[in-house]
Every structure is written in C-alpha cells, then in structure tokens.
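Notes follow once the structure below has been shown.
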Amino acid sequence: MKKRTARKKDFSILVVCSGNTCRSPMAEAILRSELRRAGIAGVKVSSAGLDAEGTAQTAVHAVGALGMLGIRARPKKATPLGRETVDEADLILAMTGDQKERLAKMWPDSEGKTVVMSEFSGSSGGEIADPIGGPLEAYIECAARLLTEANLVVPRVGTILKQRRSAR
C-alpha cells in the first residue's frame, strides 16, 4: 500500500480571536467552506486564540450557528496562539484592532501579515463583536457577519494565489 503524503499548501490563513471558542473557529470553518465553494484549492485555514486555554472547546452555540449556515462543524479544543503557528501563516486575520496590536507586540515580525478581517476584506463593517456568553441569536449574527466578510476575503485570496502561481 502506497503511503500518502500531505501536500504542502500554497497559502496559509490563520484566524485569531481571544479564546478560540467563538469567532475564530467559526471564521475558520466558514472560510474553508467558501474557499471550497469557490473552487480555490491549496489554502490551509486554521485558528488560534491570544488567550486560549487548551481545555476550552468551541462554544456549542458557535457550532449551532454554523449548522444553520449549512456548515458541519464539531467542537474542537481551543488552540493557544504560538510562534510556530504565526510563522507558518501567510495571512493572519484578527477580529479586532486590539488583537492585531497585541499580535504585533508579541511577534513584531508578524505585523506585515496581520490585518483585521474587515480591513482585508475591504468591507466597512469594522471589528467583529464577540458573542461569547450570549444567546444563540448573537452567534447566528456573528456567523452571518463572518460569512459576509469571508465572501469578500475569498476572491482576494484567489487573486493572491494566482499571482503567486504565475510568478513561479
């Protein structure tokens, strides 16, 4: 039996929020879904939290809100943000300006590739509010906002990939 080796991805997106239990795991799942829907391959999407605790899991309401968008997701352990994850990313999408600034202070070399998601998308939506502790409706609203942002991010990522591939 032939051993399958993992194919290196052409581009890596890291989505960052505070605890990696609400916004960033929802954004990760939505971006993956929208990239697949757009037929854009070769992109790794992951998420982590600036203040994530390894014992925390994706919020139940976050999983429920994704399900309402037709995106299947299971709770996963929160991933604390680390040097290796930051180094591996080509693009880091933060949910707020404060998170972007914290990242730059922690890893100054990440500053050039870290941007607030709404800035990268070009929307005028501003920061993405944290639904943590709120009712399901708050998570649904957040997921809908993330979907809007993702639909603007995906074509930009597609353009970056085309440029990288044609430069080879």
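Chain labels run A, B, ... following the order of the structure tokens; each chain numbers its residues from 1, and ligands are numbered from 1 in the order shown.
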(message) Can you tell me which residues surround region 129-145 of chain A at a distance of at most 7 Å, considering only C-alpha atoms, apart from same-chain residues fewer than 2 positions away, and format the answer as a VMD selection string?
(response) chain A and resid 22 to 23 26 61 to 62 65 to 66 127 147 to 149
So that I can check the surroundings of Leu35 (chain A), please list as a tab-separated table (two decimals) with C-alpha atoms, in the first residue's frame every protein, DNA and RNA residue that reaches within 9 Å of it, counting only C-alpha atoms and ignoring chain neighbours fewer than 3 positions away.
chain	number	residue	atom	x	y	z
A	30	ILE	CA	-16.71	29.48	7.05
A	31	LEU	CA	-13.52	30.36	5.15
A	32	ARG	CA	-12.84	26.69	4.43
A	38	ALA	CA	-15.25	28.95	-4.95
A	39	GLY	CA	-13.08	26.07	-6.17
A	40	ILE	CA	-9.93	27.52	-4.61
A	41	ALA	CA	-7.56	24.75	-3.54
A	43	VAL	CA	-5.19	27.04	1.10
A	150	ALA	CA	-15.45	35.59	4.03
A	151	ASN	CA	-17.26	36.23	0.76
A	154	VAL	CA	-12.06	34.57	-0.67
A	155	PRO	CA	-11.74	36.40	-4.03
A	157	VAL	CA	-7.07	35.13	-1.61
A	158	GLY	CA	-7.81	33.68	-5.05
(request) Return as a list in words the full set of residues in chain A whose backbone-based DSSP assignment is strand (DSSP E). (result) Phe11, Ser12, Ile13, Leu14, Val15, Val16, Cys17, Val43, Lys44, Val45, Ser46, Ser47, Ala48, Gly49, Leu91, Ile92, Leu93, Ala94, Thr114, Val115 and Val116 of chain A
Keeping only C-alpha atoms, write the selected residues to a file as a PDB file, in the first residue's frame.
ATOM      1  CA  PHE A  11      -1.142  29.682   1.142  1.00  0.00           C
ATOM      2  CA  SER A  12      -1.914  29.617   4.849  1.00  0.00           C
ATOM      3  CA  ILE A  13      -4.523  31.728   6.650  1.00  0.00           C
ATOM      4  CA  LEU A  14      -4.595  31.957  10.434  1.00  0.00           C
ATOM      5  CA  VAL A  15      -7.711  33.423  12.044  1.00  0.00           C
ATOM      6  CA  VAL A  16      -7.172  34.845  15.517  1.00  0.00           C
ATOM      7  CA  CYS A  17      -9.520  35.961  18.268  1.00  0.00           C
ATOM      8  CA  VAL A  43      -5.189  27.039   1.102  1.00  0.00           C
ATOM      9  CA  LYS A  44      -4.738  25.949   4.703  1.00  0.00           C
ATOM     10  CA  VAL A  45      -7.068  27.668   7.161  1.00  0.00           C
ATOM     11  CA  SER A  46      -6.524  27.395  10.896  1.00  0.00           C
ATOM     12  CA  SER A  47      -7.442  29.354  14.004  1.00  0.00           C
ATOM     13  CA  ALA A  48      -5.988  30.173  17.400  1.00  0.00           C
ATOM     14  CA  GLY A  49      -6.625  32.416  20.380  1.00  0.00           C
ATOM     15  CA  LEU A  91      -2.011  35.926   6.325  1.00  0.00           C
ATOM     16  CA  ILE A  92      -3.272  36.460   9.866  1.00  0.00           C
ATOM     17  CA  LEU A  93      -6.836  37.742  10.211  1.00  0.00           C
ATOM     18  CA  ALA A  94      -7.674  39.288  13.583  1.00  0.00           C
ATOM     19  CA  THR A 114      -1.581  40.656  10.252  1.00  0.00           C
ATOM     20  CA  VAL A 115      -4.742  42.586   9.488  1.00  0.00           C
ATOM     21  CA  VAL A 116      -8.237  42.963  10.895  1.00  0.00           C
TER      22      VAL A 116
END
(message) I'd like the contact shell of Thr55 (chain A) - 9 Å cut-off, only C-alpha atoms, skipping same-chain residues fewer than 2 positions apart - returned as a PyMOL selection string.
(response) chain A and resi 52-53+57+77-78
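Closest approach to Val86 (chain A) among A:Gly112, A:Gly42, A:Gly122, A:Gly64 is made by A:Gly112 (distances from only C-alpha atoms).
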